[in-house]
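model01.pdb (PDB, C-alpha atoms)
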ATOM      1  CA  MET A   6      89.132  94.086  95.830
ATOM      2  CA  ASN A   7      92.251  92.004  96.001
ATOM      3  CA  ASP A   8      93.748  89.760  93.306
ATOM      4  CA  SER A   9      91.308  86.912  93.965
ATOM      5  CA  GLY A  10      88.322  89.197  93.433
ATOM      6  CA  ALA A  11      87.101  88.784  97.031
ATOM      7  CA  VAL A  12      85.979  91.812  98.995
ATOM      8  CA  LEU A  13      87.330  91.779 102.558
ATOM      9  CA  PRO A  14      86.039  94.938 104.249
ATOM     10  CA  TRP A  15      86.224  93.780 107.890
ATOM     11  CA  LEU A  16      89.422  94.078 109.931
ATOM     12  CA  VAL A  17      90.497  92.569 113.227
ATOM     13  CA  ILE A  18      92.738  95.024 115.055
ATOM     14  CA  ARG A  19      94.995  94.292 118.041
ATOM     15  CA  GLN A  20      96.240  96.914 120.467
ATOM     16  CA  ASP A  21      99.105  96.034 122.798
ATOM     17  CA  ASP A  22      99.917  97.357 126.269
ATOM     18  CA  ASN A  23     101.894 100.255 124.775
ATOM     19  CA  GLY A  24      99.011 101.447 122.604
ATOM     20  CA  ASN A  25     100.486 100.125 119.348
ATOM     21  CA  ARG A  26      97.833  98.921 116.905
ATOM     22  CA  TYR A  27      98.226  96.128 114.365
ATOM     23  CA  ARG A  28      95.960  94.673 111.705
ATOM     24  CA  VAL A  29      95.546  90.964 112.437
ATOM     25  CA  GLY A  30      93.530  90.088 109.338
ATOM     26  CA  ARG A  31      90.849  91.012 106.817
ATOM     27  CA  TYR A  32      87.545  89.159 106.544
ATOM     28  CA  ALA A  33      84.487  89.083 104.292
ATOM     29  CA  THR A  34      81.876  89.396 107.052
ATOM     30  CA  ARG A  35      81.619  91.052 110.421
ATOM     31  CA  VAL A  36      80.552  87.724 111.962
ATOM     32  CA  GLU A  37      83.699  86.003 110.685
ATOM     33  CA  ALA A  38      85.934  88.832 111.940
ATOM     34  CA  GLN A  39      84.222  88.897 115.346
ATOM     35  CA  LYS A  40      84.680  85.139 115.717
ATOM     36  CA  ILE A  41      88.442  85.556 115.184
ATOM     37  CA  ALA A  42      88.640  88.537 117.561
ATOM     38  CA  ASP A  43      86.747  86.604 120.257
ATOM     39  CA  SER A  44      89.010  83.592 119.793
ATOM     40  CA  LEU A  45      92.145  85.688 120.164
ATOM     41  CA  ASP A  46      90.721  87.617 123.110
ATOM     42  CA  GLY A  47      89.895  84.355 124.867
ATOM     43  CA  ARG A  48      93.557  83.324 124.987
ATOM     44  CA  GLY A  49      94.080  85.451 128.096
ATOM     45  CA  HIS A  50      96.755  87.790 126.776
ATOM     46  CA  LYS A  51      96.602  91.434 127.780
ATOM     47  CA  GLN A  52      96.004  92.684 124.246
ATOM     48  CA  LEU A  53      92.753  94.272 123.145
ATOM     49  CA  TYR A  54      91.083  93.007 119.974
ATOM     50  CA  TRP A  55      88.230  94.604 118.056
ATOM     51  CA  VAL A  56      86.517  94.571 114.678
ATOM     52  CA  GLU A  57      86.145  97.546 112.379
ATOM     53  CA  ARG A  58      85.084  98.082 108.807
ATOM     54  CA  ILE A  59      87.625  99.521 106.372
ATOM     55  CA  GLY A  60      87.141 103.271 106.326
ATOM     56  CA  GLN A  61      85.794 103.296 109.887
ATOM     57  CA  SER A  62      88.165 104.647 112.512
ATOM     58  CA  VAL A  63      88.238 103.904 116.249
ATOM     59  CA  GLN A  64      89.480 106.936 118.143
TER      60      GLN A  64
END
What does the file become when written as structure tokens?
Amino acid sequence: MNDSGAVLPWLVIRQDDNGNRYRVGRYATRVEAQKIADSLDGRGHKQLYWVERIGQSVQ
């Protein structure tokens, strides 16, 4: 939990062309996180965006 008491277990992750990964944001639901990832992916940049749950690792 954070200071507001909200649980935000879903992350949007961005990977750039060099393989560097960054956390874009934390969200309460997978649907909300996926909506953000899809929106960012639709901008046409060459970054890769995906959703993962905290504690889950993409290899």
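With only C-alpha atoms taken into account, the protein and nucleic acid residues at most 7 Å from Arg35 (chain A) (excluding it and anything under 3 positions from it in its own chain) are Trp15, Ala38 and Gln39 of chain A.
Here CA of Leu53 (chain A) and CA of Val12 (chain A) stand 25.2 Å from one another.
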CA of Glu37 (chain A) to CA of Gly24 (chain A), straight-line distance in Å: 24.8 Å
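Straight-line separation from CA of Gln52 (chain A) to CA of Val17 (chain A): 12.3 Å.
Among the candidate residues A:Ala11, A:Asp43, A:Gln61, A:Lys51, the one lying nearest to Asn23 (chain A) is A:Lys51, with distances computed using all atoms listed in the file.
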List the neighbours of Glu57 (chain A) out to 12 Å using only C-alpha atoms; skip same-chain residues closer than 5 positions along the sequence, and give me the result as a short mmCIF file (atom, residue, chain, number, x, y, z; two decimals) with C-alpha atoms, keeping the file's coordinate frame.
data_model
loop_
_atom_site.label_atom_id
_atom_site.label_comp_id
_atom_site.auth_asym_id
_atom_site.auth_seq_id
_atom_site.Cartn_x
_atom_site.Cartn_y
_atom_site.Cartn_z
CA LEU A 13 87.33 91.78 102.56
CA PRO A 14 86.04 94.94 104.25
CA TRP A 15 86.22 93.78 107.89
CA LEU A 16 89.42 94.08 109.93
CA VAL A 17 90.50 92.57 113.23
CA ILE A 18 92.74 95.02 115.06
CA ARG A 19 95.00 94.29 118.04
CA ARG A 28 95.96 94.67 111.70
CA VAL A 29 95.55 90.96 112.44
CA GLY A 30 93.53 90.09 109.34
CA ARG A 31 90.85 91.01 106.82
CA TYR A 32 87.54 89.16 106.54
CA ALA A 33 84.49 89.08 104.29
CA THR A 34 81.88 89.40 107.05
CA ARG A 35 81.62 91.05 110.42
CA VAL A 36 80.55 87.72 111.96
CA GLU A 37 83.70 86.00 110.68
CA ALA A 38 85.93 88.83 111.94
CA GLN A 39 84.22 88.90 115.35
CA ALA A 42 88.64 88.54 117.56
CA SER A 62 88.16 104.65 112.51
CA VAL A 63 88.24 103.90 116.25
CA GLN A 64 89.48 106.94 118.14
#
Where is the centre and how long are the edges: axis-aligned box on region 29-40 of chain A, 5 Å on each side, Å to one decimal, as lines of an AutoDock Vina configuration file:
center_x = 88.0
center_y = 88.1
center_z = 110.0
size_x = 25.0
size_y = 15.9
size_z = 21.4
